[in-house]
Amino acid sequence: MVLNDTELQTSLKKYFGFSSFKGLQEPVIKNVIAGNNTFVIMPTGGGKSLCYQLPALIKEGTAIVVSPLIALMKNQVDALRGISSEEGVAHVLNSSLNKSEVKQVKQDIVDGVTKLLYVAPESLTKEDYIEFLQSVTLSFVAIDEAHCISEWGHDFRPEYRNLRSIINRLGENIPIIGLTATATPKVQEDIIKNLDIPDAKLFKASFNRPNLFYEVRPKTKNVDADIIRFVKKNSGKSGIIYCLSRKKVEELAQVLQVNGVSAVPYHAGFDSKTRSKYQDMFLMEDVDVVVATIAFGMGIDKPDVRYVIHHDIPKSIESYYQETGRAGRDGGEGHCLAFYSYKDVEKLEKFMSGKPVAEQEIGNALLHEIVAYAETSISRRKFILHYFGEEFDEVEGEGADMDDNARNPKEKEEAGHNLVKLIEAIQGTNEKFKSKEIVKTLIGTTNALIASHKIEGKDIFGSGSDQPEEYWMALIRQALVAGLLKKEIEQYGILRVTAAGEEFLKNPVSFMMTKDHVYNEEMDNAIVS
Ligand code: ADP
């Protein structure tokens with residue numbers, strides 16, 4: 001099926017009232033209409049839903065939309081019913097429907113009325129539904145929140161792993177469109193592998209949010225006072241403050257109230273009535289601030305959130321990006337401020353210690369990345385975007401001056417000769433070690449792993465003993481961002497030298513590095529403005 005551009009524009013206007021496509025929507029939609037497998041990576045708010053909704057409305061048959069979030073499915077179904085003359089244009093199929101409702105849904109599909117059928121992945125395992133779907137015309141299967149397939153995403157759901165075999169049973173060559181706002185290369189790879197869509201055309205939008213200002217401050221015992229000062233300076237503006245524990249949420253909300261700030265708490269421990277009351281108060285601007293656990297935010301679309309503060313360090317860069325992404329949706333100012341102390345990292349590590357080993361290792365690897373983000377002195381935007389597999393020019397790129405490190409750059413120093421030592425240490429240990437062991441090798445301290453590889457007798461052992469551990473950690477991080485090294489996340493962070501790194505070793509040139517921030521205990525008395 002091929003539609004020309006005018007026909008496509010007309011449908012967009014007719015169904016959704018929009019006069020133009022947003023970002024990559026048009027090429028995505030054309031690819032889906034053509035019946036090809038498609039993979040869409042767009043940040044939240046990028047307009048993913050339309051990428052399957054419009055083709056579903058246009059194409060013959062019913063599109064199945066797999067989504068893990070019942071509330072969001074219901075919202076979408078309501079919205080679609082609002083734009084169509086047919087009540088049955090979209091349905092949710094799930095276990096809460098009674099027999100006659102299921103019959104109605106099936107009838108609407110058979111009659112060709114239903115263009116979109118929303119299902120949770122577990123409903124799709126029901127034999128009765130599978131048999132029924134085998135007998136009708138399906139246009140394609142859209143898999144929303146496709147990162148749920150990967151243990152490396154922030155929301156792993158084992159049911160997502162069975163989707164491919166179920167889709168195979170539904171019919172031959174049913175096109176698939178996977179969509180996610182998670183852009184890490186590892187998750188991307190998992191999705192393609194698990195859905196078995198190696199031929200899918202990839203559409204990836206930029207994750208750069210140039211209007212967001214990123215800042216990290218040391219977390220001292222005065223953190224609450226620092227937050228109050230920040231909030232008061234921004235009084236009248238909407239802000240979200242994330243805390244790790246429910247207890248801290250309630251405590252901080254109260255402290256803010258006592259200090260004359262209009263704030264409400266929000267966490268999953270409140271009943272749903274209280275939660276929606278507080279949420280509405282924030283949305284309706286009866287209060288400026290919501291102090292919340294990560295339970296707050298899914299599906300919240302308040303365009304003018306002016307700041308997002310993290311009282312505690314989040315568990316991954318992914319979560320940090322999602323949570324800060326709620327600021328400045330309208331394109332206006334959005335200040336993302338995180339308070340960082342290594343003690344919080346230890347707390348998070350402790351939380352994880354009860355979990356299965358594989359999960360713990362993944363959790364720790366993700367946590368190390370956010371620590372690196374907090375401690376880095378290079379452009380924070382470049383750091384985040386690099387994590388998502390995206391290049392960013394810290395001089396010319398959009399939003400280049402929008403972070404604390406860019407505004408107050410630390411002095412750089414020549415590190416070319418040390419980079420040579422670093423690369424030699426990685427190669428000399430046969431690319432078997434993580435950062436920790438590489439740094440020990442360079443400094444010349446040993447542990448069981450280093451001893452078992454008989455590294456102590458080699459020239460590389462102790463070749464960098466003139467620099468402290470922090471120096472080498474900083475150099476490793478910057479060499480990673482510069483693409484000279486890569487980290488094998490699947491092997492929990494083993495360092496490898498890239499082709500560019502090998503080239504550097506052959507022809508060493510200048511490499512300017514900035515030392516990381518050191519946030520230590522002395523900071524407890526630091527004055528933060
Ligand atoms: P995502 O699922 O990627 O987070 P949504 O599909 O919820 O994003 O879309 C985000 C917002 O953008 C919604 O309010 C939607 O109505 C709006 N939107 C989507 N496509 C367009 C368009 N072509 N023109 C204008 N607004 C759009």
# chains A, B, ... in the order shown; residues from 1 in each chain; ligands from 1
$ residues_near_ligand --ligand "ligand 1" --cutoff "10 Å" --atoms "only C-alpha atoms and all ligand atoms" --output "mmCIF file with C-alpha atoms, in the first residue's frame"
data_model
loop_
_atom_site.group_PDB
_atom_site.id
_atom_site.type_symbol
_atom_site.label_atom_id
_atom_site.label_comp_id
_atom_site.auth_asym_id
_atom_site.auth_seq_id
_atom_site.Cartn_x
_atom_site.Cartn_y
_atom_site.Cartn_z
ATOM 1 C CA GLN A 9 -1.176 14.918 5.200
ATOM 2 C CA LEU A 12 -3.125 13.429 9.564
ATOM 3 C CA LYS A 13 -5.346 16.482 9.525
ATOM 4 C CA PHE A 16 -5.616 14.183 14.528
ATOM 5 C CA GLY A 17 -6.118 17.789 13.455
ATOM 6 C CA PHE A 18 -2.361 18.344 13.064
ATOM 7 C CA SER A 19 -1.136 20.173 9.990
ATOM 8 C CA SER A 20 2.377 18.757 9.945
ATOM 9 C CA PHE A 21 4.325 15.760 11.131
ATOM 10 C CA LYS A 22 6.680 16.036 14.045
ATOM 11 C CA GLY A 23 10.322 14.963 13.765
ATOM 12 C CA LEU A 24 10.683 11.570 12.130
ATOM 13 C CA GLN A 25 6.981 10.702 12.139
ATOM 14 C CA GLU A 26 6.486 10.952 8.380
ATOM 15 C CA VAL A 40 11.529 3.780 16.490
ATOM 16 C CA ILE A 41 13.648 5.379 19.194
ATOM 17 C CA MET A 42 12.379 8.771 20.270
ATOM 18 C CA PRO A 43 12.554 10.552 23.596
ATOM 19 C CA THR A 44 9.388 10.832 25.646
ATOM 20 C CA GLY A 45 7.091 13.414 24.144
ATOM 21 C CA GLY A 46 8.574 12.835 20.698
ATOM 22 C CA GLY A 47 5.238 11.685 19.293
ATOM 23 C CA LYS A 48 5.653 7.925 19.110
ATOM 24 C CA SER A 49 1.981 6.993 19.402
ATOM 25 C CA LEU A 50 1.066 8.609 16.123
ATOM 26 C CA CYS A 51 3.686 6.449 14.394
ATOM 27 C CA TYR A 52 1.433 3.418 14.763
ATOM 28 C CA GLN A 53 -1.965 5.058 15.261
ATOM 29 C CA LEU A 72 -2.072 4.600 29.198
ATOM 30 C CA GLN A 76 -5.263 6.181 24.093
ATOM 31 C CA ALA A 79 -8.679 9.569 22.609
ATOM 32 C CA ASP A 144 5.256 0.033 22.715
ATOM 33 C CA GLU A 145 7.836 0.459 25.480
ATOM 34 C CA LEU A 179 8.987 1.749 19.896
ATOM 35 C CA THR A 180 10.944 2.968 22.873
ATOM 36 C CA ALA A 181 12.394 6.039 24.546
ATOM 37 C CA GLY A 299 2.248 9.905 31.906
ATOM 38 C CA ASP A 301 2.321 15.936 30.952
ATOM 39 C CA PRO A 303 4.605 21.374 30.044
ATOM 40 C CA ARG A 329 8.557 20.221 27.962
#
$ select_by_dssp --residues "range 50-156 of chain A" --states "strand (DSSP E or B)" --output "mmCIF file with N, CA and C atoms, in the first residue's frame"
data_model
loop_
_atom_site.group_PDB
_atom_site.id
_atom_site.type_symbol
_atom_site.label_atom_id
_atom_site.label_comp_id
_atom_site.auth_asym_id
_atom_site.auth_seq_id
_atom_site.Cartn_x
_atom_site.Cartn_y
_atom_site.Cartn_z
ATOM 1 N N THR A 62 -6.698 -5.040 11.499
ATOM 2 C CA THR A 62 -6.549 -4.499 12.854
ATOM 3 C C THR A 62 -5.084 -4.536 13.263
ATOM 4 N N ALA A 63 -4.628 -3.453 13.883
ATOM 5 C CA ALA A 63 -3.262 -3.443 14.414
ATOM 6 C C ALA A 63 -3.323 -3.828 15.884
ATOM 7 N N ILE A 64 -2.396 -4.685 16.282
ATOM 8 C CA ILE A 64 -2.315 -5.023 17.702
ATOM 9 C C ILE A 64 -1.271 -4.111 18.337
ATOM 10 N N VAL A 65 -1.633 -3.485 19.431
ATOM 11 C CA VAL A 65 -0.678 -2.623 20.138
ATOM 12 C C VAL A 65 -0.390 -3.244 21.501
ATOM 13 N N VAL A 66 0.849 -3.651 21.696
ATOM 14 C CA VAL A 66 1.226 -4.248 22.975
ATOM 15 C C VAL A 66 1.805 -3.149 23.857
ATOM 16 N N ALA A 90 -11.215 1.474 18.534
ATOM 17 C CA ALA A 90 -10.117 0.974 19.358
ATOM 18 C C ALA A 90 -10.683 0.271 20.578
ATOM 19 N N HIS A 91 -10.046 -0.812 20.949
ATOM 20 C CA HIS A 91 -10.470 -1.567 22.130
ATOM 21 C C HIS A 91 -9.249 -1.974 22.940
ATOM 22 N N VAL A 92 -9.492 -2.195 24.249
ATOM 23 C CA VAL A 92 -8.471 -2.854 25.054
ATOM 24 C C VAL A 92 -8.993 -4.266 25.294
ATOM 25 N N LEU A 93 -8.154 -5.255 25.109
ATOM 26 C CA LEU A 93 -8.567 -6.624 25.389
ATOM 27 C C LEU A 93 -7.801 -7.084 26.628
ATOM 28 N N LEU A 116 -7.454 -0.541 16.014
ATOM 29 C CA LEU A 116 -6.385 -0.751 16.991
ATOM 30 C C LEU A 116 -6.879 -1.577 18.163
ATOM 31 N N LEU A 117 -6.169 -2.647 18.446
ATOM 32 C CA LEU A 117 -6.511 -3.490 19.589
ATOM 33 C C LEU A 117 -5.346 -3.461 20.572
ATOM 34 N N TYR A 118 -5.591 -2.855 21.730
ATOM 35 C CA TYR A 118 -4.542 -2.742 22.747
ATOM 36 C C TYR A 118 -4.553 -3.954 23.656
ATOM 37 N N VAL A 119 -3.398 -4.539 23.863
ATOM 38 C CA VAL A 119 -3.308 -5.689 24.768
ATOM 39 C C VAL A 119 -2.060 -5.597 25.637
ATOM 40 N N LEU A 138 -4.770 -9.010 10.344
ATOM 41 C CA LEU A 138 -3.988 -8.106 11.193
ATOM 42 C C LEU A 138 -3.096 -7.238 10.306
ATOM 43 N N SER A 139 -3.072 -5.938 10.582
ATOM 44 C CA SER A 139 -2.248 -5.067 9.733
ATOM 45 C C SER A 139 -0.787 -5.110 10.179
ATOM 46 N N PHE A 140 -0.537 -5.008 11.472
ATOM 47 C CA PHE A 140 0.821 -5.096 12.020
ATOM 48 C C PHE A 140 0.730 -5.202 13.536
ATOM 49 N N VAL A 141 1.855 -5.473 14.154
ATOM 50 C CA VAL A 141 1.899 -5.479 15.619
ATOM 51 C C VAL A 141 2.833 -4.356 16.068
ATOM 52 N N ALA A 142 2.316 -3.460 16.914
ATOM 53 C CA ALA A 142 3.163 -2.396 17.465
ATOM 54 C C ALA A 142 3.545 -2.788 18.880
ATOM 55 N N ILE A 143 4.821 -2.696 19.189
ATOM 56 C CA ILE A 143 5.262 -3.030 20.532
ATOM 57 C C ILE A 143 5.783 -1.766 21.193
#
$ residues_around --residues "range 184-196 of chain A" --least-positions-apart "5" --cutoff "7 Å" --atoms "only C-alpha atoms" --output "PyMOL selection string"
chain A and resi 146-147+149-150+152-153+161+164+387-389
$ write_last_selection --atoms "N, CA and C atoms" --output "short mmCIF file (atom, residue, chain, number, x, y, z; two decimals), in the first residue's frame"
data_model
loop_
_atom_site.label_atom_id
_atom_site.label_comp_id
_atom_site.auth_asym_id
_atom_site.auth_seq_id
_atom_site.Cartn_x
_atom_site.Cartn_y
_atom_site.Cartn_z
N ALA A 146 9.21 -0.93 24.06
CA ALA A 146 9.90 -2.16 23.67
C ALA A 146 11.11 -2.47 24.54
N HIS A 147 11.62 -1.49 25.27
CA HIS A 147 12.78 -1.75 26.14
C HIS A 147 12.45 -2.73 27.26
N ILE A 149 11.70 -5.53 26.99
CA ILE A 149 12.26 -6.81 26.57
C ILE A 149 13.65 -7.05 27.16
N SER A 150 14.34 -5.96 27.52
CA SER A 150 15.75 -6.07 27.88
C SER A 150 16.00 -5.91 29.37
N TRP A 152 18.59 -4.85 30.41
CA TRP A 152 19.43 -3.66 30.51
C TRP A 152 18.61 -2.38 30.45
N GLY A 153 17.30 -2.51 30.26
CA GLY A 153 16.44 -1.33 30.26
C GLY A 153 16.06 -1.00 31.69
N ARG A 161 9.43 -11.14 26.64
CA ARG A 161 10.34 -12.07 25.95
C ARG A 161 9.60 -13.08 25.07
N ARG A 164 7.77 -12.61 20.47
CA ARG A 164 8.11 -13.08 19.13
C ARG A 164 7.41 -14.40 18.80
N TYR A 387 26.28 8.29 26.33
CA TYR A 387 25.70 7.09 26.93
C TYR A 387 24.60 6.51 26.04
N PHE A 388 23.88 7.41 25.36
CA PHE A 388 22.82 6.98 24.45
C PHE A 388 23.32 6.73 23.03
N GLY A 389 24.63 6.67 22.88
CA GLY A 389 25.19 6.35 21.57
C GLY A 389 25.14 7.52 20.60
#
$ residues_around --residues "Ile443 in chain A" --least-positions-apart "4" --cutoff "6 Å" --atoms "only C-alpha atoms" --output "number ranges by chain"
A: 462, 464-465
$ closest_residue --among "A:Ser435, A:Asn173, A:Ser262, A:Ser95" --to "Lys126 in chain A" --atoms "only C-alpha atoms"
A:Ser95
$ select_by_dssp --residues "range 80-305 of chain A" --states "helix (DSSP H, G or I)" --output "ChimeraX atom specification"
/A:80-83,87-89,99-110,123-125,127-134,146-149,158-170,185-195,223-233,246-258,272-283
$ atom_distance --atom1 "CA of Gln104 in chain A" --atom2 "CA of Gly88 in chain A"
8.7 Å
$ closest_residue --among "A:Ile313, A:Ala205, A:Ile370, A:Lys302" --to "Ser245 in chain A" --atoms "only C-alpha atoms"
A:Ile313
$ residues_around --residues "range 391-393 of chain A" --least-positions-apart "2" --cutoff "10 Å" --atoms "only C-alpha atoms" --output "MDAnalysis selection string"
chainID A and resid 206 208 379 381:389 395:400 481:483
$ atom_distance --atom1 "CA of Ser353 in chain A" --atom2 "CA of Glu251 in chain A"
26.4 Å
$ residues_around --residues "Ser85 in chain A" --least-positions-apart "3" --cutoff "12 Å" --atoms "only C-alpha atoms" --output "VMD selection string"
chain A and resid 14 to 15 79 to 82 88 to 90 113 to 114
$ atom_distance --atom1 "CA of Val290 in chain A" --atom2 "CA of Asp403 in chain A"
23.7 Å
$ closest_residue --among "A:Met473, A:Phe339, A:Tyr320, A:Gly457" --to "Thr182 in chain A" --atoms "only C-alpha atoms"
A:Tyr320
$ closest_residue --among "A:Lys458, A:Lys486, A:His417, A:Lys204" --to "Asn507 in chain A" --atoms "only C-alpha atoms"
A:His417
$ residues_around --residues "Lys440 in chain A" --least-positions-apart "4" --cutoff "9 Å" --atoms "only C-alpha atoms" --output "list in words"
Ser435, Lys436, Gly444, Thr445, Thr446, Asn447, Ile450, Phe461, Gly462 and Glu469 of chain A
$ write_last_selection --atoms "N, CA and C atoms" --output "compact mmCIF listing (two decimals), in the first residue's frame"
# COMPACT_ATOMS: atom_id res chain seq x y z
N SER A 435 37.60 -1.23 34.74
CA SER A 435 38.35 -0.02 35.12
C SER A 435 39.14 -0.23 36.40
N LYS A 436 38.49 -0.84 37.40
CA LYS A 436 39.12 -0.98 38.71
C LYS A 436 40.48 -1.70 38.61
N GLY A 444 50.06 0.00 40.32
CA GLY A 444 50.97 -1.01 40.84
C GLY A 444 50.51 -1.61 42.16
N THR A 445 49.19 -1.71 42.31
CA THR A 445 48.68 -2.47 43.46
C THR A 445 47.97 -3.70 42.91
N THR A 446 47.96 -4.74 43.71
CA THR A 446 47.44 -5.99 43.16
C THR A 446 46.19 -6.44 43.90
N ASN A 447 45.49 -7.37 43.32
CA ASN A 447 44.43 -8.10 44.01
C ASN A 447 44.40 -9.51 43.43
N ILE A 450 44.26 -9.74 39.58
CA ILE A 450 45.50 -9.30 38.92
C ILE A 450 46.59 -10.35 39.11
N PHE A 461 52.81 -2.97 34.88
CA PHE A 461 52.45 -2.95 36.30
C PHE A 461 53.19 -1.81 37.01
N GLY A 462 52.44 -0.83 37.44
CA GLY A 462 53.05 0.31 38.12
C GLY A 462 53.54 1.40 37.18
N GLU A 469 44.67 7.35 41.81
CA GLU A 469 43.56 6.57 41.26
C GLU A 469 42.53 7.44 40.53
